[in-house]
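Colleague: This is final-v2.txt (compact mmCIF, C-alpha atoms).
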```
# COMPACT_ATOMS: atom_id res chain seq x y z
CA MET A 1 110.19 78.83 89.74
CA SER A 2 108.44 80.40 92.69
CA GLY A 3 109.95 77.93 95.14
CA ASN A 4 113.50 77.81 93.82
CA VAL A 5 116.21 80.17 95.01
CA GLY A 6 119.67 79.17 93.84
CA SER A 7 121.69 81.77 95.76
CA LEU A 8 121.74 81.94 99.53
CA GLY A 9 122.02 85.70 99.09
CA LEU A 10 118.61 85.75 97.41
CA ALA A 11 116.95 83.81 100.21
CA ILE A 12 115.20 86.16 102.63
CA ASN A 13 113.77 85.93 106.12
CA ALA A 14 110.27 86.52 104.78
CA ALA A 15 108.66 87.06 108.19
CA LEU A 16 111.22 89.74 109.07
CA VAL A 17 110.96 91.45 105.67
CA ARG A 18 107.19 91.47 106.07
CA ARG A 19 107.44 93.32 109.39
CA ILE A 20 109.94 95.80 107.95
CA LEU A 21 107.83 96.65 104.90
CA VAL A 22 104.57 96.88 106.83
CA GLY A 23 106.28 99.24 109.27
CA PHE A 24 107.76 101.25 106.40
CA LEU A 25 104.36 101.81 104.79
CA ALA A 26 102.66 102.76 108.03
CA GLU A 27 105.41 105.21 109.00
CA GLU A 28 105.82 106.86 105.60
CA VAL A 29 102.10 107.36 105.02
CA HIS A 30 101.36 108.62 108.52
CA LYS A 31 104.40 110.91 108.81
CA VAL A 32 103.00 113.20 106.10
CA GLY A 33 99.66 113.42 107.85
CA LEU A 34 97.79 110.91 105.68
CA LYS A 35 96.28 107.52 106.36
CA ARG A 36 95.26 106.19 102.94
CA ALA A 37 96.99 104.64 99.94
CA VAL A 38 95.96 103.90 96.37
CA LEU A 39 97.54 101.45 93.94
CA GLY A 40 97.00 99.95 90.54
CA LEU A 41 96.05 96.29 90.77
CA SER A 42 97.08 94.46 87.61
CA GLY A 43 96.41 90.86 88.55
CA GLY A 44 100.14 90.20 88.75
CA ILE A 45 102.19 89.18 91.76
CA ASP A 46 103.96 92.50 92.37
CA SER A 47 100.85 94.64 92.76
CA ALA A 48 99.11 91.84 94.66
CA LEU A 49 101.95 91.74 97.19
CA VAL A 50 101.88 95.53 97.61
CA ALA A 51 98.12 95.35 98.22
CA TYR A 52 98.65 92.74 100.93
CA LEU A 53 101.37 94.82 102.58
CA ALA A 54 99.28 97.99 102.42
CA ALA A 55 96.18 96.36 103.87
CA GLU A 56 98.21 95.03 106.78
CA ALA A 57 99.99 98.34 107.35
CA LEU A 58 97.08 100.76 106.96
CA GLY A 59 93.97 98.66 107.38
CA ALA A 60 91.89 97.36 104.49
CA GLU A 61 89.50 100.30 104.82
CA ASN A 62 92.33 102.72 103.97
CA VAL A 63 93.50 101.04 100.76
CA GLN A 64 91.95 101.65 97.35
CA ALA A 65 92.84 99.47 94.36
CA ILE A 66 92.12 100.50 90.79
CA ILE A 67 91.98 97.90 88.02
CA MET A 68 92.73 99.46 84.63
CA PRO A 69 92.39 97.03 81.73
CA TYR A 70 92.94 97.79 78.06
CA LYS A 71 90.83 96.08 75.38
CA GLN A 72 93.67 93.64 74.61
CA SER A 73 94.32 92.80 78.26
CA ASN A 74 93.95 89.18 79.29
CA PRO A 75 90.58 88.76 81.08
CA GLU A 76 92.41 86.56 83.60
CA SER A 77 94.34 89.62 84.78
CA GLU A 78 91.19 91.45 85.84
CA ALA A 79 89.81 88.30 87.43
CA HIS A 80 92.97 87.84 89.50
CA ALA A 81 92.99 91.52 90.49
CA ARG A 82 89.39 91.22 91.69
CA LEU A 83 90.30 88.04 93.57
CA VAL A 84 93.06 89.85 95.48
CA ALA A 85 90.90 92.87 96.28
CA GLU A 86 87.96 90.76 97.43
CA ARG A 87 90.13 88.48 99.55
CA LEU A 88 91.65 91.51 101.29
CA GLY A 89 88.35 93.36 101.56
CA ILE A 90 89.80 96.54 100.08
CA GLU A 91 87.82 99.05 98.04
CA HIS A 92 88.33 98.52 94.31
CA CYS A 93 86.96 99.72 91.01
CA VAL A 94 87.53 99.06 87.30
CA ILE A 95 88.44 101.93 84.99
CA GLY A 96 89.07 100.85 81.41
CA ILE A 97 91.77 102.86 79.62
CA THR A 98 90.80 101.89 76.05
CA PRO A 99 88.90 105.11 75.17
CA MET A 100 91.74 107.41 76.28
CA VAL A 101 94.53 105.40 74.71
CA ASP A 102 92.75 104.76 71.41
CA ALA A 103 91.69 108.39 71.06
CA TYR A 104 95.34 109.41 71.22
CA PHE A 105 96.62 106.79 68.80
CA GLU A 106 93.99 107.69 66.22
CA LEU A 107 96.43 110.54 65.58
CA PHE A 108 99.39 108.14 65.31
CA PRO A 109 98.05 104.86 63.86
CA ASP A 110 101.53 103.62 62.93
CA ALA A 111 102.81 103.73 66.53
CA ASP A 112 104.60 100.52 67.53
CA SER A 113 103.86 98.33 70.56
CA MET A 114 106.50 100.05 72.70
CA ARG A 115 104.89 103.48 72.26
CA ARG A 116 101.46 102.03 72.92
CA GLY A 117 102.66 100.19 76.02
CA ASN A 118 104.31 103.32 77.38
CA LYS A 119 101.14 105.34 76.80
CA MET A 120 99.08 102.72 78.64
CA ALA A 121 101.45 102.75 81.61
CA ARG A 122 101.38 106.55 81.84
CA GLU A 123 97.61 106.68 81.39
CA ARG A 124 97.21 104.33 84.33
CA MET A 125 99.50 106.43 86.50
CA THR A 126 97.58 109.64 85.76
CA ILE A 127 94.44 107.87 86.95
CA LEU A 128 96.14 106.76 90.15
CA PHE A 129 97.42 110.23 90.94
CA ASP A 130 94.01 111.73 90.25
CA HIS A 131 92.46 109.32 92.74
CA SER A 132 95.23 110.02 95.22
CA ALA A 133 94.27 113.71 95.09
CA ALA A 134 90.58 112.93 95.43
CA ARG A 135 91.13 110.60 98.39
CA SER A 136 94.10 112.31 100.12
CA ALA A 137 96.07 109.13 99.58
CA LEU A 138 99.63 108.28 98.53
CA VAL A 139 100.25 106.30 95.35
CA LEU A 140 102.10 103.05 96.02
CA GLY A 141 104.63 101.76 93.51
CA THR A 142 104.78 98.12 92.44
CA SER A 143 108.13 97.86 90.60
CA ASN A 144 110.57 95.29 92.00
CA LYS A 145 114.37 95.56 92.14
CA THR A 146 114.93 93.38 89.08
CA GLU A 147 112.69 95.57 86.93
CA LEU A 148 114.18 98.79 88.28
CA LEU A 149 117.76 97.69 87.62
CA LEU A 150 116.98 96.48 84.10
CA GLY A 151 114.91 99.55 83.26
CA TYR A 152 111.98 97.23 82.58
CA GLY A 153 109.31 99.81 83.18
CA THR A 154 107.98 103.13 81.93
CA LEU A 155 109.41 106.38 83.27
CA TYR A 156 106.55 108.39 84.81
CA GLY A 157 104.34 105.37 84.18
CA ASP A 158 104.49 102.23 86.32
CA MET A 159 107.83 103.45 87.74
CA ALA A 160 106.19 106.56 89.23
CA SER A 161 104.88 106.56 92.79
CA ALA A 162 105.08 108.30 96.15
CA LEU A 163 106.25 105.16 97.97
CA ASN A 164 107.58 101.82 96.77
CA PRO A 165 107.70 99.07 99.41
CA ILE A 166 109.07 96.34 97.12
CA GLY A 167 111.73 98.20 95.10
CA ASP A 168 114.56 96.56 97.03
CA LEU A 169 113.30 93.01 96.49
CA TYR A 170 114.38 90.96 93.48
CA LYS A 171 111.65 89.09 91.63
CA THR A 172 112.63 85.77 93.19
CA GLN A 173 112.30 87.43 96.61
CA ILE A 174 108.86 88.74 95.64
CA TRP A 175 107.78 85.12 95.23
CA GLN A 176 109.16 84.24 98.66
CA LEU A 177 107.39 87.09 100.44
CA SER A 178 104.16 86.38 98.55
CA GLU A 179 104.25 82.83 99.91
CA GLU A 180 104.70 84.22 103.43
CA MET A 181 101.74 86.59 103.04
CA GLU A 182 99.52 83.95 101.41
CA VAL A 183 98.88 85.81 98.18
CA PRO A 184 96.42 83.71 96.13
CA ARG A 185 98.02 80.64 94.58
CA GLU A 186 96.64 81.56 91.15
CA VAL A 187 98.65 84.80 91.21
CA ILE A 188 101.87 83.27 92.54
CA ASP A 189 101.98 80.43 90.04
CA LYS A 190 101.20 82.21 86.77
CA LYS A 191 103.86 83.50 84.39
CA PRO A 192 104.77 87.17 85.04
CA SER A 193 103.39 89.50 82.38
CA ALA A 194 103.03 93.25 81.89
CA ASP A 195 99.87 92.31 79.94
CA LEU A 196 100.65 94.81 77.20
CA TRP A 197 99.38 92.52 74.44
CA ALA A 198 97.88 89.07 74.10
CA GLY A 199 100.24 86.28 75.14
CA GLN A 200 103.00 88.65 76.31
CA THR A 201 105.21 87.41 79.17
CA ASP A 202 108.05 89.22 80.90
CA GLU A 203 110.60 86.47 80.49
CA GLN A 204 109.78 85.98 76.81
CA GLU A 205 110.20 89.70 76.17
CA LEU A 206 113.39 90.00 78.23
CA GLY A 207 114.99 86.91 76.73
CA PHE A 208 116.00 85.28 80.02
CA THR A 209 114.43 83.98 83.22
CA TYR A 210 114.05 86.02 86.38
CA LYS A 211 115.93 83.35 88.31
CA ALA A 212 118.96 83.61 86.02
CA VAL A 213 119.08 87.40 85.94
CA ASP A 214 118.47 87.73 89.69
CA GLU A 215 121.47 85.51 90.37
CA LEU A 216 123.62 87.72 88.15
CA LEU A 217 122.24 91.04 89.41
CA TYR A 218 122.71 90.01 93.04
CA GLN A 219 126.38 89.23 92.50
CA MET A 220 126.91 92.22 90.20
CA VAL A 221 125.10 94.85 92.28
CA ASP A 222 124.87 93.65 95.88
CA LEU A 223 128.22 91.83 96.04
CA ARG A 224 129.91 94.24 93.58
CA LYS A 225 131.73 91.46 91.76
CA SER A 226 133.90 92.39 88.79
CA ARG A 227 133.42 90.97 85.29
CA ALA A 228 136.30 88.58 85.93
CA GLU A 229 134.70 87.35 89.14
CA LEU A 230 131.34 86.92 87.44
CA LEU A 231 132.96 84.87 84.68
CA ALA A 232 134.70 82.75 87.31
CA ALA A 233 131.32 82.24 89.00
CA GLY A 234 130.06 80.59 85.80
CA PHE A 235 128.07 83.35 84.09
CA GLU A 236 128.41 83.56 80.31
CA ALA A 237 130.29 86.59 78.99
CA ALA A 238 127.50 87.57 76.59
CA PHE A 239 124.91 87.45 79.37
CA ILE A 240 127.09 89.58 81.65
CA GLU A 241 127.59 92.22 78.96
CA LYS A 242 123.90 92.25 78.07
CA ILE A 243 122.85 92.88 81.66
CA TYR A 244 125.62 95.44 82.27
CA ALA A 245 124.33 97.36 79.25
CA LYS A 246 120.71 97.23 80.44
CA VAL A 247 121.64 98.52 83.89
CA GLN A 248 123.86 101.30 82.53
CA ASN A 249 121.50 102.43 79.77
CA SER A 250 118.50 102.65 82.09
CA HIS A 251 120.19 104.62 84.86
CA PHE A 252 118.30 107.79 83.91
CA LYS A 253 115.06 106.06 84.92
CA ARG A 254 116.26 105.56 88.49
CA ARG A 255 116.96 109.17 89.41
CA LEU A 256 115.33 112.56 89.45
CA PRO A 257 115.76 114.67 86.32
CA VAL A 258 119.35 115.93 86.08
CA ILE A 259 119.44 119.60 87.05
CA ALA A 260 122.13 121.89 85.62
CA LYS A 261 124.23 123.24 88.48
CA VAL A 262 124.48 127.05 88.70
CA SER A 263 124.19 127.63 92.46
CA ASN A 264 125.88 126.50 95.67
CA ARG A 265 123.14 124.10 96.63
CA THR A 266 121.52 122.21 93.77
CA ILE A 267 118.53 119.95 94.39
CA ASP A 268 119.44 116.24 94.42
CA ARG A 269 123.14 117.05 94.22
CA ASP A 270 123.87 119.19 97.27
CA PHE A 271 120.41 119.63 98.83
CA ARG A 272 119.26 116.15 99.82
CA TYR A 273 117.42 116.63 103.07
CA SER A 274 114.55 114.25 103.75
CA ARG A 275 111.02 115.57 103.82
CA ASP A 276 110.96 115.76 107.62
CA TRP A 277 113.83 118.28 107.53
CA GLY A 278 113.41 120.93 110.22
CA LYS A 279 111.46 118.75 112.65
```
Mind turning the file's structure into structure tokens?

Modeller:
Amino acid sequence: MSGNVGSLGLAINAALVRRILVGFLAEEVHKVGLKRAVLGLSGGIDSALVAYLAAEALGAENVQAIIMPYKQSNPESEAHARLVAERLGIEHCVIGITPMVDAYFELFPDADSMRRGNKMARERMTILFDHSAARSALVLGTSNKTELLLGYGTLYGDMASALNPIGDLYKTQIWQLSEEMEVPREVIDKKPSADLWAGQTDEQELGFTYKAVDELLYQMVDLRKSRAELLAAGFEAAFIEKIYAKVQNSHFKRRLPVIAKVSNRTIDRDFRYSRDWGK
């Protein structure tokens, strides 16, 4: 899968994208007067790629990775996270989230896997933001464009960050850039997984492959093709409707909280200046 890109639109100039994203990270971190970044390193390809980009942009000495396993996490995930950190020479530590998560769910023992997964994601993000405060560092996001469009993430959990360098790259493009940056082969080749429970994989949970959905999302979102045009392109009607619904129903995750308008200039509706406003 990692080497196959069916659509020319999904093929990227990986060397150029690398320079753009490295420049983005350096500029956005430094423009607020900081020089460090912190990220959660899961052992998966997305966070590994962000670690590689950050180390190149800021210097390995200015990047901190935190590995946050739960008791049911696959030991391979921690091993791959350590491999990435050690290969880059970035500071890293392991903080298990089992005590915090289990203490909470002792109050709600009947909670399903979705609630537990959401709690884990938010627990990890609170740890990252605490370390960002302690180190005067910005938290880097690791959600890709496919996940963001499908809503495949936890609001204020793994979808929270100060900066996200890979949020405009589809999963198939993540594989391409990871090849360019020589992310460890073990990380590139394994099946994507949020590692929420034993044996869990993204594609199994979603019900379709990243390659298939990236092809559809690219034509639906980037090319703005209509349903009729998507059908003519060979996509099945049921698949189109399923993905439309996922994108529409998860829109609330991709924006700031909706603020009721009672003034002339409402934040995020009328007042949208960037953070360097006034300079």

Colleague: Kindly indicate which residue among A:Thr266, A:Asn164, A:Gln204, A:Gln176 lies nearest to Leu25 of chain A, using all atoms listed in the file for the distances.

Modeller: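 Using all atoms listed in the file, the shortest distance to Leu25 of chain A belongs to A:Asn164.
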
Colleague: Measuring atom to atom with all atoms listed in the file, identify which of A:Arg224, A:His92, A:Arg255, A:Arg36 is nearest to Met159 of chain A.

Modeller: A:Arg255

Colleague: Name the residues in contact with Arg135 of chain A at a cut-off of 10 Å, using all atoms listed in the file, excluding same-chain residues fewer than 6 positions from it; report them as a VMD selection string.

Modeller: chain A and resid 34 to 38 62 64 129

Colleague: Would you save the residues from that selection as a JSON list (two decimals), in the coordinates of the input, using C-alpha atoms?

Modeller:
```json
[["chain", "number", "residue", "atom", "x", "y", "z"],
["A", 34, "LEU", "CA", 97.79, 110.91, 105.68],
["A", 35, "LYS", "CA", 96.28, 107.52, 106.36],
["A", 36, "ARG", "CA", 95.26, 106.19, 102.94],
["A", 37, "ALA", "CA", 96.99, 104.64, 99.94],
["A", 38, "VAL", "CA", 95.96, 103.90, 96.37],
["A", 62, "ASN", "CA", 92.33, 102.72, 103.97],
["A", 64, "GLN", "CA", 91.95, 101.65, 97.35],
["A", 129, "PHE", "CA", 97.42, 110.23, 90.94]]
```

Colleague: Could you pull the residues within 9 Å of Phe235 of chain A, counting only C-alpha atoms, minus those fewer than 5 positions along the same chain, as a list in words?

Modeller: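 The neighbour list is Leu216, Leu230 and Ile240 of chain A.
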
Colleague: Emit the selected residues as a PDB file, in the coordinates of the input, including C-alpha atoms.

Modeller:
```pdb
ATOM      1  CA  LEU A 216     123.620  87.720  88.150  1.00  0.00           C
ATOM      2  CA  LEU A 230     131.340  86.920  87.440  1.00  0.00           C
ATOM      3  CA  ILE A 240     127.090  89.580  81.650  1.00  0.00           C
TER       4      ILE A 240
END
```

Colleague: By how many Å are atom CA of Leu177 of chain A and atom CA of Gly9 of chain A apart?

Modeller: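 Interatomic distance, atom CA of Leu177 of chain A to atom CA of Gly9 of chain A: 14.8 Å.
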